[in-house]
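J.: What follows is a single structure, and I will ask about it in a moment.
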Amino acid sequence: MITFIYAAIAIGFLILVFGFLRKPPLDDPDEALTGKSYAPSVGNGRWLDLSERIFDPSDARWLAEELAFPKLAKALILERRRLAIRWLKALQASFDEVVRTPEITSGAAAPAASAGSWRMLWLVIRFKLLVSYALLVVRLFGPYHRLMPSISWIPFSRESEHSFQRAALAHSRSSR
Amino acid sequence: MEILGWIVSFAGLGLTALVLWRGRYLHIIGRFPFFYSYLGCGFCGTFALFLIFRFRHSAYPYAYWLYFLLGIVVEFAVLVEISDHLFEPFPAIRQLGRALTIIILIGLGLIYILPTILYSHSRHSALLGFALRASLTKAVILGALLLAAHYYGLRLGKNVAGLILGFSIYLGVNIANFAADQLFYHLYDNILWVMSPIAYTLCLAVWLIALWDFVPTPSTRTVSPASRRDPEAVTFELARFNNELSKFLNK
């Protein structure tokens, strides 16, 4: 029995590889992302304000508690959950765009691996984990659930903050 | 069967020499260092086995199995080469391939490969079990690399696609072949043993065609020079996204 399972795995693996290699390359891989909406620049304040509104429970509370419209409040929460999921997916799509930015190469030489590229990979993985977690929480508990318990005691979050500030400083200097 | 084995071995040796010669002729050995090191190792190992078979016949079985085990381990170099080239143009995920390779290798190595070495009842089943599970681990790594490349919409160059295709054929045949040993144990020594060398020779033929010319890895999309960025700018953007998301989650 186990032999046949392995044989099936081998065949499945070869089908996956042939399927992937046979697929014609997309002229514009953004086609693969058709239907995804993109977030404006992260620095765009209005877009961030939108998240404040989406994740703010005061409207639903006002409907439910002050106006006594529990059904309306429930409908609003459902709609806000849909919006929250779209907002997080748009953020993720924009992040993927940054990840897929090609490097400036000064010639045909292959770029060398460096500690910087591992740091970038860590930032990519960290973002993916956080946004997946946020999507899971929003899907399961809705947009008004506290997304994350305080993690200020974890060293990496402080380090990340510091390294972000350092990167921002270095970038502002180099762009002058 | 023995004659077929010799023919396959010589064909494999010839193809390995051709791939190495072509790589040297095109000056691309430095671009695929792990892959050509692996081939060089394979060429020297096979040649040494011929010499041992001719001059120290009694030591041949021991040398064969030693080379067999060494080959299983060294084959991971091909995966490292593929993973390095898949994500090469993109600084943010340049190490993603290596990270996937290392994580899957350590994970499956501990929970899937190691037990078969420690708890097998005979040397035969330990050897073939190790070969089977190592092949499956390589297939899982290759599958994960392809899925990651698909997720990011990466294009494969002719050289890397050829490396993947050849290696996949070899791995697929190996998995089915080593698994068949558990069911058709009595057939392995007579017939099935030659399947892996045949698959490897086929794999070498695919590699020879794929690496006959050097084709640079195509970029994912046509981008204007203005939209290309240096790694520092990309790091800055990634850190900014992370920072905004962290702030948002901590609210």
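Each chain in the structure tokens gets a letter, A, B and so on, in the order shown; residues start at 1 in every chain, and ligands are counted from 1 in the order they appear.
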For chain B, list the residues within 6 Å of chain A, counting only C-alpha atoms, and write the list as a list of chain:residue names.
T.: B:Pro89, B:Phe90, B:Ala92, B:Ile93, B:Gly153, B:Gly172, B:Ala176, B:Ala179, B:Ala180, B:Arg221, B:Arg228, B:Arg229, B:Asp230, B:Thr235, B:Phe236, B:Ala239, B:Asn242, B:Leu249, B:Asn250
J.: Deliver the residues from the most recent selection as a file, using C-alpha atoms, as a compact mmCIF listing (two decimals), in the first residue's frame.
T.:
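Saved the output as out_21.txt:
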# COMPACT_ATOMS: atom_id res chain seq x y z
CA PRO B 89 16.72 39.32 -9.39
CA PHE B 90 14.70 40.28 -6.32
CA ALA B 92 13.85 41.20 -0.85
CA ILE B 93 13.43 37.45 -1.37
CA GLY B 153 4.92 35.27 -10.49
CA GLY B 172 10.36 11.17 -9.48
CA ALA B 176 8.89 5.31 -7.31
CA ALA B 179 9.42 2.61 -2.88
CA ALA B 180 8.96 -0.34 -5.27
CA ARG B 221 8.26 42.16 -15.81
CA ARG B 228 14.19 49.60 -10.10
CA ARG B 229 15.54 50.21 -6.64
CA ASP B 230 18.68 49.60 -4.72
CA THR B 235 14.72 47.51 2.91
CA PHE B 236 13.37 50.91 3.87
CA ALA B 239 10.57 48.17 7.20
CA ASN B 242 6.25 46.29 8.90
CA LEU B 249 -1.82 45.57 15.34
CA ASN B 250 -0.71 47.05 18.63
J.: Can you pull out the residues contacting Ile85 (chain A)? Cut-off 9 Å, using only C-alpha atoms, and skip same-chain residues under 5 positions away; I want them as a count of residues only.
T.: 7
J.: Report the residues of region 65-241 of chain B whose backbone DSSP state falls under alpha helix (DSSP H), written as a ChimeraX atom specification.
T.: /B:65-74,76-86,96-108,114-119,123-151,158-183,185-188,195-210,231-241
J.: What lies within 10 Å of region 194-198 of chain B using only C-alpha atoms, ignoring chain neighbours under 4 positions off, as a PDB file with N, CA and C atoms, in the first residue's frame?
T.:
ATOM      1  N   MET B   1      21.715  -7.634 -18.031  1.00  0.00           N
ATOM      2  CA  MET B   1      21.507  -6.442 -17.184  1.00  0.00           C
ATOM      3  C   MET B   1      22.820  -5.739 -16.883  1.00  0.00           C
ATOM      4  N   GLU B   2      23.862  -6.590 -16.720  1.00  0.00           N
ATOM      5  CA  GLU B   2      25.156  -5.995 -16.375  1.00  0.00           C
ATOM      6  C   GLU B   2      25.682  -5.125 -17.509  1.00  0.00           C
ATOM      7  N   LEU B   4      23.849  -3.601 -19.745  1.00  0.00           N
ATOM      8  CA  LEU B   4      23.049  -2.369 -19.742  1.00  0.00           C
ATOM      9  C   LEU B   4      23.579  -1.393 -18.693  1.00  0.00           C
ATOM     10  N   GLY B   5      23.927  -1.931 -17.526  1.00  0.00           N
ATOM     11  CA  GLY B   5      24.493  -1.102 -16.454  1.00  0.00           C
ATOM     12  C   GLY B   5      25.766  -0.408 -16.904  1.00  0.00           C
ATOM     13  N   TRP B   6      26.637  -1.152 -17.590  1.00  0.00           N
ATOM     14  CA  TRP B   6      27.884  -0.548 -18.083  1.00  0.00           C
ATOM     15  C   TRP B   6      27.604   0.538 -19.128  1.00  0.00           C
ATOM     16  N   ILE B   7      26.659   0.240 -20.027  1.00  0.00           N
ATOM     17  CA  ILE B   7      26.335   1.228 -21.075  1.00  0.00           C
ATOM     18  C   ILE B   7      25.817   2.513 -20.441  1.00  0.00           C
ATOM     19  N   VAL B   8      24.900   2.345 -19.483  1.00  0.00           N
ATOM     20  CA  VAL B   8      24.315   3.521 -18.812  1.00  0.00           C
ATOM     21  C   VAL B   8      25.403   4.302 -18.069  1.00  0.00           C
ATOM     22  N   SER B   9      26.304   3.565 -17.401  1.00  0.00           N
ATOM     23  CA  SER B   9      27.377   4.237 -16.650  1.00  0.00           C
ATOM     24  C   SER B   9      28.283   5.043 -17.580  1.00  0.00           C
ATOM     25  N   ALA B  11      27.528   6.140 -20.585  1.00  0.00           N
ATOM     26  CA  ALA B  11      26.750   7.258 -21.160  1.00  0.00           C
ATOM     27  C   ALA B  11      26.688   8.406 -20.146  1.00  0.00           C
ATOM     28  N   GLY B  12      26.464   8.049 -18.881  1.00  0.00           N
ATOM     29  CA  GLY B  12      26.404   9.069 -17.828  1.00  0.00           C
ATOM     30  C   GLY B  12      27.719   9.815 -17.681  1.00  0.00           C
ATOM     31  N   TYR B 170      14.620  12.774 -12.413  1.00  0.00           N
ATOM     32  CA  TYR B 170      15.482  11.889 -11.618  1.00  0.00           C
ATOM     33  C   TYR B 170      14.853  11.584 -10.254  1.00  0.00           C
ATOM     34  N   LEU B 171      14.350  12.628  -9.584  1.00  0.00           N
ATOM     35  CA  LEU B 171      13.756  12.429  -8.253  1.00  0.00           C
ATOM     36  C   LEU B 171      12.479  11.596  -8.330  1.00  0.00           C
ATOM     37  N   GLY B 172      11.621  11.906  -9.324  1.00  0.00           N
ATOM     38  CA  GLY B 172      10.361  11.171  -9.475  1.00  0.00           C
ATOM     39  C   GLY B 172      10.613   9.685  -9.673  1.00  0.00           C
ATOM     40  N   VAL B 173      11.550   9.366 -10.557  1.00  0.00           N
ATOM     41  CA  VAL B 173      11.865   7.951 -10.813  1.00  0.00           C
ATOM     42  C   VAL B 173      12.454   7.314  -9.552  1.00  0.00           C
ATOM     43  N   ASN B 174      13.324   8.041  -8.877  1.00  0.00           N
ATOM     44  CA  ASN B 174      13.940   7.513  -7.651  1.00  0.00           C
ATOM     45  C   ASN B 174      12.900   7.182  -6.585  1.00  0.00           C
ATOM     46  N   ILE B 175      11.944   8.097  -6.391  1.00  0.00           N
ATOM     47  CA  ILE B 175      10.923   7.870  -5.351  1.00  0.00           C
ATOM     48  C   ILE B 175      10.143   6.592  -5.667  1.00  0.00           C
ATOM     49  N   ALA B 176       9.668   6.494  -6.927  1.00  0.00           N
ATOM     50  CA  ALA B 176       8.886   5.314  -7.309  1.00  0.00           C
ATOM     51  C   ALA B 176       9.752   4.046  -7.227  1.00  0.00           C
ATOM     52  N   ASN B 177      10.999   4.177  -7.653  1.00  0.00           N
ATOM     53  CA  ASN B 177      11.895   3.020  -7.700  1.00  0.00           C
ATOM     54  C   ASN B 177      12.252   2.502  -6.297  1.00  0.00           C
ATOM     55  N   PHE B 178      12.648   3.416  -5.413  1.00  0.00           N
ATOM     56  CA  PHE B 178      13.027   2.989  -4.061  1.00  0.00           C
ATOM     57  C   PHE B 178      11.815   2.492  -3.275  1.00  0.00           C
ATOM     58  N   TYR B 188      14.760  -6.101  -6.916  1.00  0.00           N
ATOM     59  CA  TYR B 188      15.630  -4.928  -6.891  1.00  0.00           C
ATOM     60  C   TYR B 188      17.050  -5.243  -7.372  1.00  0.00           C
ATOM     61  N   ASP B 189      17.621  -6.313  -6.831  1.00  0.00           N
ATOM     62  CA  ASP B 189      19.012  -6.634  -7.172  1.00  0.00           C
ATOM     63  C   ASP B 189      19.189  -6.975  -8.651  1.00  0.00           C
ATOM     64  N   ASN B 190      18.119  -7.498  -9.268  1.00  0.00           N
ATOM     65  CA  ASN B 190      18.248  -7.916 -10.667  1.00  0.00           C
ATOM     66  C   ASN B 190      17.853  -6.829 -11.670  1.00  0.00           C
ATOM     67  N   LEU B 202      19.216  10.291 -18.113  1.00  0.00           N
ATOM     68  CA  LEU B 202      18.190  11.140 -18.753  1.00  0.00           C
ATOM     69  C   LEU B 202      18.270  12.569 -18.204  1.00  0.00           C
ATOM     70  N   CYS B 203      18.441  12.643 -16.896  1.00  0.00           N
ATOM     71  CA  CYS B 203      18.570  13.953 -16.227  1.00  0.00           C
ATOM     72  C   CYS B 203      19.782  14.717 -16.784  1.00  0.00           C
ATOM     73  N   LEU B 204      20.891  14.003 -16.975  1.00  0.00           N
ATOM     74  CA  LEU B 204      22.102  14.648 -17.517  1.00  0.00           C
ATOM     75  C   LEU B 204      21.860  15.144 -18.942  1.00  0.00           C
TER      76      LEU B 204
END
J.: Kindly give the distance, in Å, that separates CA of Arg22 (chain B) and CA of Lys158 (chain B), rounded to a single decimal.
T.: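 Spanning CA of Arg22 (chain B) to CA of Lys158 (chain B) is a straight-line distance of 15.4 Å.
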J.: Using only C-alpha atoms, which residues sit within 10 Å of region 110-126 of chain B once same-chain residues fewer than 4 positions away are excluded, as a list in words?
T.: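 Neighbouring residues, sequence-local ones excluded: Ile104, Leu105, Ile106, Phe130, Ala131, Leu132, Arg133, Ala134, Leu136, Thr137, Asp181, Gln182 and Tyr185 of chain B.
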